[in-house]
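Chemist: Got a file for you: upload.pdb, PDB, C-alpha atoms.
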MODEL        1
ATOM      1  CA  MET O   1     -77.766 104.631  63.266
ATOM      2  CA  ASP O   2     -76.382 108.044  62.298
ATOM      3  CA  LYS O   3     -72.839 108.179  60.981
ATOM      4  CA  VAL O   4     -70.044 109.342  63.261
ATOM      5  CA  ASN O   5     -67.777 111.875  61.574
ATOM      6  CA  PHE O   6     -64.110 111.353  62.506
ATOM      7  CA  GLY O   7     -61.103 113.598  62.572
ATOM      8  CA  ILE O   8     -57.953 111.473  62.580
ATOM      9  CA  ILE O   9     -54.953 112.567  64.652
ATOM     10  CA  GLY O  10     -51.774 110.774  63.665
ATOM     11  CA  CYS O  11     -51.135 109.508  60.138
ATOM     12  CA  GLY O  12     -48.609 106.755  60.732
ATOM     13  CA  TYR O  13     -48.661 103.028  60.025
ATOM     14  CA  GLN O  14     -51.742 102.158  62.087
ATOM     15  CA  THR O  15     -53.898 104.829  60.491
ATOM     16  CA  LYS O  16     -52.614 104.267  56.975
ATOM     17  CA  LYS O  17     -52.729 100.460  56.941
ATOM     18  CA  ASN O  18     -55.660  99.655  59.224
ATOM     19  CA  MET O  19     -57.969 102.321  60.589
ATOM     20  CA  ALA O  20     -58.453 104.690  57.658
ATOM     21  CA  PRO O  21     -59.330 101.807  55.277
ATOM     22  CA  ALA O  22     -61.677 100.402  57.941
ATOM     23  CA  MET O  23     -63.430 103.759  58.358
ATOM     24  CA  GLN O  24     -63.900 103.954  54.614
ATOM     25  CA  LYS O  25     -65.527 100.495  54.568
ATOM     26  CA  CYS O  26     -67.607 100.944  57.727
ATOM     27  CA  GLU O  27     -71.170 102.080  57.046
ATOM     28  CA  ASN O  28     -71.305 104.002  60.322
ATOM     29  CA  THR O  29     -68.244 106.234  59.923
ATOM     30  CA  GLU O  30     -67.123 109.133  57.770
ATOM     31  CA  ILE O  31     -63.609 110.569  57.604
ATOM     32  CA  ILE O  32     -63.718 114.360  57.745
ATOM     33  CA  GLY O  33     -59.992 114.998  57.845
ATOM     34  CA  PHE O  34     -56.463 114.205  58.986
ATOM     35  CA  TYR O  35     -53.865 115.918  61.146
ATOM     36  CA  ASP O  36     -50.220 115.016  61.712
ATOM     37  CA  LEU O  37     -47.153 116.910  62.867
ATOM     38  CA  ASP O  38     -45.722 115.910  59.493
ATOM     39  CA  SER O  39     -48.178 117.749  57.262
ATOM     40  CA  SER O  40     -47.130 115.740  54.198
ATOM     41  CA  LYS O  41     -48.591 112.589  55.798
ATOM     42  CA  ALA O  42     -51.915 114.331  56.394
ATOM     43  CA  ASP O  43     -51.902 115.699  52.848
ATOM     44  CA  GLU O  44     -51.275 112.230  51.411
ATOM     45  CA  LEU O  45     -54.168 110.571  53.264
ATOM     46  CA  ALA O  46     -56.505 113.518  52.707
ATOM     47  CA  SER O  47     -55.917 113.144  48.979
ATOM     48  CA  ILE O  48     -56.590 109.395  49.061
ATOM     49  CA  TYR O  49     -59.790 109.684  51.104
ATOM     50  CA  LYS O  50     -61.005 112.984  49.653
ATOM     51  CA  ALA O  51     -60.952 114.614  53.070
ATOM     52  CA  LYS O  52     -59.454 117.706  54.698
ATOM     53  CA  ALA O  53     -55.822 118.056  55.705
ATOM     54  CA  TYR O  54     -55.575 120.198  58.821
ATOM     55  CA  THR O  55     -52.353 122.131  59.313
ATOM     56  CA  LYS O  56     -53.238 122.858  62.952
ATOM     57  CA  LEU O  57     -54.670 120.536  65.582
ATOM     58  CA  ASP O  58     -56.850 123.345  66.909
ATOM     59  CA  ASP O  59     -58.498 123.647  63.499
ATOM     60  CA  LEU O  60     -59.516 119.995  63.552
ATOM     61  CA  LEU O  61     -60.861 120.276  67.089
ATOM     62  CA  ALA O  62     -62.775 123.447  66.230
ATOM     63  CA  ASP O  63     -64.443 121.860  63.194
ATOM     64  CA  ARG O  64     -68.101 121.434  64.103
ATOM     65  CA  THR O  65     -68.583 118.710  61.502
ATOM     66  CA  VAL O  66     -66.199 116.452  63.476
ATOM     67  CA  ASP O  67     -68.062 114.322  66.039
ATOM     68  CA  ALA O  68     -65.154 112.213  67.267
ATOM     69  CA  VAL O  69     -61.402 111.904  67.008
ATOM     70  CA  TYR O  70     -59.300 108.831  66.438
ATOM     71  CA  ILE O  71     -55.896 109.192  68.104
ATOM     72  CA  ALA O  72     -53.019 107.093  66.737
ATOM     73  CA  THR O  73     -49.910 108.824  68.036
ATOM     74  CA  PRO O  74     -47.148 107.738  70.454
ATOM     75  CA  ILE O  75     -48.534 106.862  73.884
ATOM     76  CA  ALA O  76     -46.792 109.769  75.649
ATOM     77  CA  THR O  77     -48.889 112.222  73.597
ATOM     78  CA  HIS O  78     -52.272 110.625  74.349
ATOM     79  CA  PHE O  79     -52.931 112.441  77.616
ATOM     80  CA  GLU O  80     -52.636 115.955  76.219
ATOM     81  CA  LEU O  81     -54.533 115.079  73.039
ATOM     82  CA  CYS O  82     -57.391 113.415  74.940
ATOM     83  CA  ILE O  83     -57.767 116.373  77.287
ATOM     84  CA  LYS O  84     -57.852 118.813  74.351
ATOM     85  CA  ALA O  85     -60.363 116.674  72.475
ATOM     86  CA  ALA O  86     -62.610 116.401  75.537
ATOM     87  CA  LYS O  87     -62.577 120.173  76.051
ATOM     88  CA  ALA O  88     -63.519 120.580  72.386
ATOM     89  CA  GLY O  89     -66.523 118.300  72.897
ATOM     90  CA  LYS O  90     -65.224 115.449  70.718
ATOM     91  CA  HIS O  91     -65.768 111.786  71.513
ATOM     92  CA  ILE O  92     -62.485 109.867  71.633
ATOM     93  CA  LEU O  93     -61.318 106.561  70.183
ATOM     94  CA  CYS O  94     -57.694 106.283  71.283
ATOM     95  CA  GLU O  95     -55.216 103.565  70.457
ATOM     96  CA  LYS O  96     -53.908 101.540  73.362
ATOM     97  CA  SER O  97     -52.405 102.221  75.753
ATOM     98  CA  LEU O  98     -54.678 105.112  76.633
ATOM     99  CA  ALA O  99     -52.053 106.893  78.724
ATOM    100  CA  MET O 100     -48.755 106.474  80.537
ATOM    101  CA  ASN O 101     -50.165 105.653  83.977
ATOM    102  CA  TYR O 102     -53.271 105.325  86.147
ATOM    103  CA  GLU O 103     -53.281 108.986  87.174
ATOM    104  CA  GLN O 104     -53.366 110.168  83.569
ATOM    105  CA  VAL O 105     -56.180 107.745  82.725
ATOM    106  CA  ASN O 106     -58.184 108.961  85.719
ATOM    107  CA  ASN O 107     -57.702 112.593  84.660
ATOM    108  CA  ILE O 108     -58.792 111.790  81.102
ATOM    109  CA  ILE O 109     -61.961 110.155  82.407
ATOM    110  CA  THR O 110     -62.681 113.130  84.653
ATOM    111  CA  ALA O 111     -62.289 115.514  81.719
ATOM    112  CA  CYS O 112     -64.542 113.419  79.484
ATOM    113  CA  ARG O 113     -67.177 113.242  82.191
ATOM    114  CA  ASN O 114     -67.017 116.998  82.764
ATOM    115  CA  TYR O 115     -67.345 117.819  79.064
ATOM    116  CA  GLY O 116     -69.964 115.179  78.278
ATOM    117  CA  VAL O 117     -67.980 113.021  75.868
ATOM    118  CA  THR O 118     -66.889 109.403  75.882
ATOM    119  CA  VAL O 119     -63.467 107.803  75.541
ATOM    120  CA  PHE O 120     -62.704 104.293  74.332
ATOM    121  CA  GLU O 121     -59.356 102.499  74.385
ATOM    122  CA  GLY O 122     -58.716 100.784  71.058
ATOM    123  CA  PHE O 123     -58.119  97.092  71.697
ATOM    124  CA  MET O 124     -59.430  96.036  68.307
ATOM    125  CA  TYR O 125     -58.567  92.337  68.718
ATOM    126  CA  GLN O 126     -61.477  91.766  71.150
ATOM    127  CA  PHE O 127     -64.031  92.331  68.373
ATOM    128  CA  HIS O 128     -62.785  89.515  66.146
ATOM    129  CA  ASP O 129     -65.388  86.777  65.732
ATOM    130  CA  GLN O 130     -62.859  84.052  66.625
ATOM    131  CA  HIS O 131     -63.134  84.943  70.318
ATOM    132  CA  ASN O 132     -66.878  84.268  70.196
ATOM    133  CA  PHE O 133     -66.088  80.795  68.869
ATOM    134  CA  VAL O 134     -63.713  80.177  71.781
ATOM    135  CA  ARG O 135     -66.381  81.217  74.279
ATOM    136  CA  GLU O 136     -68.965  78.983  72.591
ATOM    137  CA  MET O 137     -66.657  75.955  72.788
ATOM    138  CA  ILE O 138     -65.952  76.593  76.458
ATOM    139  CA  ASN O 139     -69.649  77.091  77.228
ATOM    140  CA  GLN O 140     -70.345  73.737  75.554
ATOM    141  CA  GLY O 141     -67.902  72.073  77.943
ATOM    142  CA  GLU O 142     -65.221  71.240  75.361
ATOM    143  CA  ILE O 143     -62.360  71.832  77.840
ATOM    144  CA  GLY O 144     -64.220  71.506  81.119
ATOM    145  CA  ASP O 145     -63.712  74.175  83.761
ATOM    146  CA  PRO O 146     -61.118  76.773  82.608
ATOM    147  CA  ILE O 147     -58.297  77.055  85.120
ATOM    148  CA  LEU O 148     -55.330  78.656  83.384
ATOM    149  CA  PHE O 149     -55.258  81.433  80.771
ATOM    150  CA  GLN O 150     -51.933  81.831  78.951
ATOM    151  CA  ALA O 151     -51.140  84.544  76.421
ATOM    152  CA  TRP O 152     -48.061  85.560  74.463
ATOM    153  CA  PHE O 153     -47.500  88.638  72.304
ATOM    154  CA  GLY O 154     -44.072  89.653  71.117
ATOM    155  CA  PHE O 155     -41.986  90.411  68.083
ATOM    156  CA  PRO O 156     -38.365  90.790  66.942
ATOM    157  CA  PRO O 157     -36.362  94.019  67.336
ATOM    158  CA  PHE O 158     -37.324  96.861  64.998
ATOM    159  CA  SER O 159     -35.052  97.349  61.992
ATOM    160  CA  GLU O 160     -35.752 101.094  61.880
ATOM    161  CA  PRO O 161     -36.168 103.777  64.572
ATOM    162  CA  ASN O 162     -39.510 103.368  66.333
ATOM    163  CA  PHE O 163     -41.175 105.264  69.192
ATOM    164  CA  ARG O 164     -41.719 101.938  70.962
ATOM    165  CA  MET O 165     -38.001 101.917  71.714
ATOM    166  CA  ASN O 166     -38.136 105.392  73.254
ATOM    167  CA  LYS O 167     -39.230 105.445  76.905
ATOM    168  CA  ASP O 168     -39.983 109.189  76.818
ATOM    169  CA  MET O 169     -42.481 108.586  74.005
ATOM    170  CA  GLY O 170     -44.291 105.852  75.879
ATOM    171  CA  GLY O 171     -42.243 102.999  74.494
ATOM    172  CA  GLY O 172     -41.533  99.694  76.151
ATOM    173  CA  ALA O 173     -42.989  96.209  76.078
ATOM    174  CA  ILE O 174     -45.514  96.702  78.891
ATOM    175  CA  LEU O 175     -47.501  99.571  77.368
ATOM    176  CA  ASP O 176     -47.335  98.053  73.885
ATOM    177  CA  ALA O 177     -47.451  94.255  73.600
ATOM    178  CA  GLY O 178     -48.093  93.741  77.312
ATOM    179  CA  ALA O 179     -51.294  95.758  77.177
ATOM    180  CA  TYR O 180     -52.877  93.155  74.893
ATOM    181  CA  VAL O 181     -52.200  90.092  77.014
ATOM    182  CA  ILE O 182     -53.246  91.885  80.209
ATOM    183  CA  HIS O 183     -56.478  93.040  78.587
ATOM    184  CA  SER O 184     -57.202  89.589  77.178
ATOM    185  CA  ALA O 185     -56.852  87.871  80.564
ATOM    186  CA  ARG O 186     -59.145  90.386  82.242
ATOM    187  CA  THR O 187     -61.651  90.104  79.403
ATOM    188  CA  PHE O 188     -61.666  86.310  79.459
ATOM    189  CA  PHE O 189     -62.221  85.903  83.197
ATOM    190  CA  GLY O 190     -64.639  88.822  83.340
ATOM    191  CA  TYR O 191     -63.396  90.187  86.645
ATOM    192  CA  GLU O 192     -60.245  91.708  88.078
ATOM    193  CA  PRO O 193     -57.118  89.987  89.466
ATOM    194  CA  VAL O 194     -56.644  89.969  93.231
ATOM    195  CA  ASN O 195     -52.859  89.669  93.049
ATOM    196  CA  ILE O 196     -50.242  90.468  90.393
ATOM    197  CA  ASN O 197     -46.540  89.676  90.163
ATOM    198  CA  SER O 198     -44.149  90.201  87.282
ATOM    199  CA  ILE O 199     -40.573  89.899  86.115
ATOM    200  CA  ILE O 200     -39.381  92.509  83.628
ATOM    201  CA  SER O 201     -36.144  92.529  81.640
ATOM    202  CA  TYR O 202     -34.709  95.958  80.858
ATOM    203  CA  ASP O 203     -32.330  97.321  78.259
ATOM    204  CA  LYS O 204     -31.025 100.376  80.101
ATOM    205  CA  ASP O 205     -34.283 102.038  81.230
ATOM    206  CA  LEU O 206     -36.535 100.430  78.606
ATOM    207  CA  ASP O 207     -38.705  97.430  79.509
ATOM    208  CA  ILE O 208     -37.938  95.059  76.671
ATOM    209  CA  PHE O 209     -39.448  91.741  77.772
ATOM    210  CA  GLY O 210     -41.582  90.507  80.624
ATOM    211  CA  SER O 211     -43.825  87.905  82.162
ATOM    212  CA  ALA O 212     -46.634  88.325  84.661
ATOM    213  CA  LEU O 213     -48.676  86.052  86.917
ATOM    214  CA  LEU O 214     -52.197  87.242  87.653
ATOM    215  CA  ASP O 215     -54.250  85.547  90.372
ATOM    216  CA  PHE O 216     -57.952  86.041  89.694
ATOM    217  CA  GLY O 217     -59.066  84.037  92.717
ATOM    218  CA  HIS O 218     -61.572  81.173  92.392
ATOM    219  CA  ASN O 219     -58.632  78.939  91.317
ATOM    220  CA  LYS O 220     -58.200  80.994  88.123
ATOM    221  CA  ILE O 221     -54.714  82.097  87.040
ATOM    222  CA  ALA O 222     -53.238  83.909  84.031
ATOM    223  CA  GLN O 223     -49.655  83.508  82.840
ATOM    224  CA  LEU O 224     -48.675  86.265  80.414
ATOM    225  CA  SER O 225     -45.519  86.986  78.422
ATOM    226  CA  PHE O 226     -44.708  89.920  76.145
ATOM    227  CA  GLY O 227     -41.689  91.448  74.517
ATOM    228  CA  MET O 228     -39.935  93.322  71.734
ATOM    229  CA  ASN O 229     -36.755  91.282  71.327
ATOM    230  CA  ASN O 230     -37.942  87.755  70.665
ATOM    231  CA  SER O 231     -39.391  85.654  67.858
ATOM    232  CA  TYR O 232     -42.897  86.584  66.792
ATOM    233  CA  LYS O 233     -45.669  85.050  68.871
ATOM    234  CA  ASN O 234     -49.291  86.146  68.984
ATOM    235  CA  CYS O 235     -51.627  83.648  70.641
ATOM    236  CA  TYR O 236     -53.511  82.614  73.734
ATOM    237  CA  SER O 237     -54.396  79.245  75.217
ATOM    238  CA  ILE O 238     -56.918  78.234  77.852
ATOM    239  CA  TRP O 239     -56.277  75.091  79.878
ATOM    240  CA  GLY O 240     -59.231  73.429  81.513
ATOM    241  CA  THR O 241     -60.055  70.340  83.520
ATOM    242  CA  LYS O 242     -60.780  68.305  80.357
ATOM    243  CA  GLY O 243     -58.752  69.936  77.603
ATOM    244  CA  GLU O 244     -57.118  72.984  76.081
ATOM    245  CA  ILE O 245     -58.193  75.521  73.458
ATOM    246  CA  THR O 246     -55.777  77.771  71.548
ATOM    247  CA  LEU O 247     -56.063  80.632  69.075
ATOM    248  CA  LEU O 248     -52.936  80.654  66.924
ATOM    249  CA  LYS O 249     -53.261  84.366  66.064
ATOM    250  CA  ALA O 250     -55.187  86.028  68.837
ATOM    251  CA  PHE O 251     -54.291  89.721  68.754
ATOM    252  CA  SER O 252     -53.069  90.762  65.324
ATOM    253  CA  ILE O 253     -54.581  89.002  62.330
ATOM    254  CA  PRO O 254     -55.255  90.470  58.867
ATOM    255  CA  GLU O 255     -58.836  90.662  57.644
ATOM    256  CA  TYR O 256     -58.107  88.195  54.833
ATOM    257  CA  GLU O 257     -56.430  85.538  56.995
ATOM    258  CA  ILE O 258     -58.324  82.413  58.086
ATOM    259  CA  PRO O 259     -58.144  82.099  61.893
ATOM    260  CA  ILE O 260     -57.137  78.710  63.299
ATOM    261  CA  CYS O 261     -58.513  77.412  66.592
ATOM    262  CA  ARG O 262     -57.039  74.219  68.047
ATOM    263  CA  ILE O 263     -58.762  72.099  70.684
ATOM    264  CA  VAL O 264     -56.986  69.274  72.505
ATOM    265  CA  ASN O 265     -59.284  67.001  74.497
ATOM    266  CA  GLN O 266     -58.045  63.745  76.072
ATOM    267  CA  GLY O 267     -55.360  63.379  73.407
ATOM    268  CA  LEU O 268     -57.695  64.152  70.497
ATOM    269  CA  VAL O 269     -56.554  67.189  68.489
ATOM    270  CA  ARG O 270     -59.056  69.114  66.382
ATOM    271  CA  GLU O 271     -58.386  72.231  64.302
ATOM    272  CA  TYR O 272     -61.114  74.590  63.167
ATOM    273  CA  GLN O 273     -60.740  77.041  60.300
ATOM    274  CA  LEU O 274     -62.872  80.055  61.110
ATOM    275  CA  LYS O 275     -64.176  82.882  58.972
ATOM    276  CA  PRO O 276     -61.913  85.900  58.345
ATOM    277  CA  CYS O 277     -62.977  89.094  60.082
ATOM    278  CA  ASN O 278     -61.974  92.758  60.041
ATOM    279  CA  HIS O 279     -61.785  93.550  63.737
ATOM    280  CA  PHE O 280     -61.133  97.242  63.030
ATOM    281  CA  ILE O 281     -64.518  97.588  61.346
ATOM    282  CA  LYS O 282     -66.152  95.667  64.203
ATOM    283  CA  GLU O 283     -64.494  98.016  66.693
ATOM    284  CA  LEU O 284     -65.785 101.059  64.803
ATOM    285  CA  GLU O 285     -69.302  99.621  64.709
ATOM    286  CA  TYR O 286     -69.171  99.113  68.469
ATOM    287  CA  PHE O 287     -67.845 102.616  69.059
ATOM    288  CA  CYS O 288     -70.521 104.193  66.892
ATOM    289  CA  LYS O 289     -73.251 102.272  68.705
ATOM    290  CA  TYR O 290     -72.044 103.046  72.216
ATOM    291  CA  HIS O 291     -70.055 106.266  71.808
ATOM    292  CA  SER O 292     -72.424 108.122  74.131
ATOM    293  CA  GLU O 293     -71.463 105.851  77.038
ATOM    294  CA  LEU O 294     -68.322 106.414  79.101
ATOM    295  CA  GLN O 295     -66.368 103.175  79.670
ATOM    296  CA  GLU O 296     -64.685 104.436  82.837
ATOM    297  CA  ASP O 297     -64.585 101.227  84.907
ATOM    298  CA  GLU O 298     -62.964  99.271  82.091
ATOM    299  CA  LEU O 299     -60.356 101.976  81.465
ATOM    300  CA  LEU O 300     -59.428 102.391  85.121
ATOM    301  CA  ASN O 301     -59.185  98.652  85.752
ATOM    302  CA  GLN O 302     -56.918  98.140  82.731
ATOM    303  CA  ALA O 303     -54.667 101.008  83.839
ATOM    304  CA  TYR O 304     -54.586  99.686  87.407
ATOM    305  CA  ALA O 305     -53.555  96.179  86.312
ATOM    306  CA  MET O 306     -50.793  97.534  84.093
ATOM    307  CA  GLY O 307     -49.618  99.820  86.860
ATOM    308  CA  LYS O 308     -49.355  96.888  89.237
ATOM    309  CA  ILE O 309     -47.181  95.022  86.737
ATOM    310  CA  ILE O 310     -44.942  98.065  86.353
ATOM    311  CA  ASN O 311     -44.657  98.757  90.072
ATOM    312  CA  THR O 312     -44.521  95.263  91.607
ATOM    313  CA  ASN O 313     -42.083  93.564  89.247
ATOM    314  CA  HIS O 314     -38.699  92.014  89.879
ATOM    315  CA  LYS O 315     -36.382  93.880  87.543
ATOM    316  CA  VAL O 316     -33.731  92.134  85.500
ATOM    317  CA  LEU O 317     -31.236  94.587  84.053
ATOM    318  CA  LYS O 318     -29.464  93.606  80.833
TER     319      LYS O 318
ENDMDL
END
Show how you would write the structure in this file as structure tokens.
Modeler:
Amino acid sequence: MDKVNFGIIGCGYQTKKNMAPAMQKCENTEIIGFYDLDSSKADELASIYKAKAYTKLDDLLADRTVDAVYIATPIATHFELCIKAAKAGKHILCEKSLAMNYEQVNNIITACRNYGVTVFEGFMYQFHDQHNFVREMINQGEIGDPILFQAWFGFPPFSEPNFRMNKDMGGGAILDAGAYVIHSARTFFGYEPVNINSIISYDKDLDIFGSALLDFGHNKIAQLSFGMNNSYKNCYSIWGTKGEITLLKAFSIPEYEIPICRIVNQGLVREYQLKPCNHFIKELEYFCKYHSELQEDELLNQAYAMGKIINTNHKVLK
């Protein structure tokens, strides 16, 4: 497999802590350069990774040695950046959520199709090996027929200013933490919900906490909760006709941490310590292998489900 040469747009926490180190370790990727509105951030990472520091976005997009871009900027900026990258003929790996709404996602897909590039929404968690273990246990009948999928992802208030607390920048619990639990339910069941209801708590105009009930038909239901003002929780649990299986850290887990999977069956509790895994590297390997294929159905269905939660909720104003 040929290497994919990346230009990185956005040099904040996610790039610095997770994706740039993963690209350096991944055999299928090469970092060509960095761009950030704060040029000092791009300069710092370019020095560390012996890459270019672009002072203008257009220069990065015009660089013919760049095959793809990785976008790690506030969600409100994704639409414009994806459109520009598509027009420049660059494949796109964009952090979740891909855009602010269904219409923007649809327009991004149209642009990528027209310019012959692909776009992939970066839900890195799905590539962790622990999810394969969960599927294997279910396929072996450990919990019987899965009926209920429950997922929680939330964290305490931020101690410093953060774009997630700014609605105009794409902040809010739904597009951030909520995106993970919605994606995980859809991924687990393997098809789309037929009905969605939600209750969202607001702080002024910012969605700060919420829960959603997704009816997938076939007697399959997902109960999801997400937020930015509660104690940290990052797990999912699947309840079946014979037992229950839980991942204690389902969405965000460091590459060095040992994942724990708990199975409860007829009162018997078993805990499995699984192998650590760098899901960012796994995501990059997947992208490099399939970057010539447009994932449009997946992107549209995710955006549609999130839009339904936003537009069909019962609002609770704080």
Chemist: In Å, rounded to a single decimal, give me how far atom CA of Met23 of chain O is from atom CA of Ile48 of chain O.
Modeler: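 Straight-line distance from atom CA of Ile48 of chain O to atom CA of Met23 of chain O works out to 12.8 Å.
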Chemist: Work out how far apart atom CA of Ser47 of chain O and atom CA of Phe34 of chain O are and give it in Å to one decimal.
Modeler: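 Calculated distance between atom CA of Ser47 of chain O and atom CA of Phe34 of chain O is 10.1 Å.
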Chemist: For Gly141 of chain O, please output as a PyMOL selection string all residues within 10 Å (counting all atoms listed in the file; exclusion window: fewer than 4 positions along the same chain).
Modeler: chain O and resi 135-137+145-146+240-243
Chemist: Run the PyMOL selection byres ((chain O and resi 175) around 9) against the file shown and list the residues it catches, as an NGL selection string.
Modeler: :O and (75 or 96-97 or 99-100 or 164 or 170-174 or 176-180 or 306)
Chemist: Can I get the selection written as a PDB file, in the frame of the given file, with C-alpha atoms?
Modeler:
ATOM      1  CA  ILE O  75     -48.534 106.862  73.884  1.00  0.00           C
ATOM      2  CA  LYS O  96     -53.908 101.540  73.362  1.00  0.00           C
ATOM      3  CA  SER O  97     -52.405 102.221  75.753  1.00  0.00           C
ATOM      4  CA  ALA O  99     -52.053 106.893  78.724  1.00  0.00           C
ATOM      5  CA  MET O 100     -48.755 106.474  80.537  1.00  0.00           C
ATOM      6  CA  ARG O 164     -41.719 101.938  70.962  1.00  0.00           C
ATOM      7  CA  GLY O 170     -44.291 105.852  75.879  1.00  0.00           C
ATOM      8  CA  GLY O 171     -42.243 102.999  74.494  1.00  0.00           C
ATOM      9  CA  GLY O 172     -41.533  99.694  76.151  1.00  0.00           C
ATOM     10  CA  ALA O 173     -42.989  96.209  76.078  1.00  0.00           C
ATOM     11  CA  ILE O 174     -45.514  96.702  78.891  1.00  0.00           C
ATOM     12  CA  ASP O 176     -47.335  98.053  73.885  1.00  0.00           C
ATOM     13  CA  ALA O 177     -47.451  94.255  73.600  1.00  0.00           C
ATOM     14  CA  GLY O 178     -48.093  93.741  77.312  1.00  0.00           C
ATOM     15  CA  ALA O 179     -51.294  95.758  77.177  1.00  0.00           C
ATOM     16  CA  TYR O 180     -52.877  93.155  74.893  1.00  0.00           C
ATOM     17  CA  MET O 306     -50.793  97.534  84.093  1.00  0.00           C
TER      18      MET O 306
END
Chemist: If you measure from atom CA of His183 of chain O to atom CA of Ala85 of chain O, what distance in Å do you get, rounded to one decimal?
Modeler: 24.7 Å
Chemist: Given the point (-60.0, 113.3, 54.2) in the file's coordinates, find the residues that have an atom at most 10 Å from it, counting all atoms listed in the file, and give them as a ChimeraX atom specification.
Modeler: /O:6-8,20,30-35,42-54
Chemist: So that I can check the surroundings of segment 147-158 of chain O, please list as JSON, numbers by chain every protein, DNA and RNA residue that reaches within 6 Å of it, counting only C-alpha atoms and ignoring chain neighbours fewer than 2 positions away.
Modeler: {"O": [160, 177, 181, 220, 221, 222, 223, 224, 225, 226, 227, 228, 229, 230, 231, 232, 233, 234, 235, 236, 237, 238, 239, 240]}
Chemist: Here is a test: counting all atoms listed in the file, which residue of O:Ile108, O:Gly89, O:Asn195, O:Leu299 is nearest to Ala62 of chain O?
Modeler: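 Checking each of O:Ile108, O:Gly89, O:Asn195, O:Leu299 against Ala62 of chain O, counting all atoms listed in the file, the winner is O:Gly89.
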Chemist: Expand the PyMOL selection byres ((chain O and resi 302) around 12) into the individual residues it matches in the shown file, reporting them as JSON, numbers by chain.
Modeler: {"O": [96, 97, 98, 99, 100, 101, 102, 105, 106, 120, 121, 123, 175, 178, 179, 180, 181, 182, 183, 184, 185, 186, 187, 191, 192, 193, 295, 296, 297, 298, 299, 300, 301, 303, 304, 305, 306, 307, 308, 309]}
Chemist: Please rebuild segment 109-120 of chain O with N, CA, C and O atoms and return the result as a compact mmCIF listing (two decimals), in the coordinates of the input.
Modeler:
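As a result, selection-v4.txt now contains:
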# COMPACT_ATOMS: atom_id res chain seq x y z
N ILE O 109 -60.57 110.51 82.13
CA ILE O 109 -61.96 110.16 82.41
C ILE O 109 -62.70 111.32 83.05
O ILE O 109 -63.85 111.62 82.69
N THR O 110 -62.06 111.98 83.99
CA THR O 110 -62.68 113.13 84.65
C THR O 110 -63.00 114.22 83.64
O THR O 110 -64.09 114.80 83.66
N ALA O 111 -62.06 114.49 82.73
CA ALA O 111 -62.29 115.51 81.72
C ALA O 111 -63.43 115.13 80.79
O ALA O 111 -64.29 115.96 80.47
N CYS O 112 -63.47 113.87 80.38
CA CYS O 112 -64.54 113.42 79.48
C CYS O 112 -65.90 113.49 80.16
O CYS O 112 -66.90 113.88 79.55
N ARG O 113 -65.93 113.15 81.44
CA ARG O 113 -67.18 113.24 82.19
C ARG O 113 -67.62 114.70 82.30
O ARG O 113 -68.80 115.02 82.11
N ASN O 114 -66.69 115.58 82.59
CA ASN O 114 -67.02 117.00 82.76
C ASN O 114 -67.51 117.64 81.48
O ASN O 114 -68.35 118.55 81.51
N TYR O 115 -66.98 117.19 80.34
CA TYR O 115 -67.34 117.82 79.06
C TYR O 115 -68.36 116.99 78.27
O TYR O 115 -68.68 117.32 77.13
N GLY O 116 -68.87 115.93 78.87
CA GLY O 116 -69.96 115.18 78.28
C GLY O 116 -69.61 114.38 77.04
O GLY O 116 -70.43 114.23 76.13
N VAL O 117 -68.38 113.86 76.99
CA VAL O 117 -67.98 113.02 75.87
C VAL O 117 -67.50 111.67 76.39
O VAL O 117 -67.25 111.50 77.59
N THR O 118 -67.37 110.72 75.48
CA THR O 118 -66.89 109.40 75.88
C THR O 118 -65.47 109.18 75.39
O THR O 118 -64.99 109.87 74.49
N VAL O 119 -64.80 108.20 75.98
CA VAL O 119 -63.47 107.80 75.54
C VAL O 119 -63.40 106.29 75.53
O VAL O 119 -63.92 105.63 76.43
N PHE O 120 -62.80 105.74 74.48
CA PHE O 120 -62.70 104.29 74.33
C PHE O 120 -61.28 103.94 73.94
O PHE O 120 -60.70 104.55 73.04
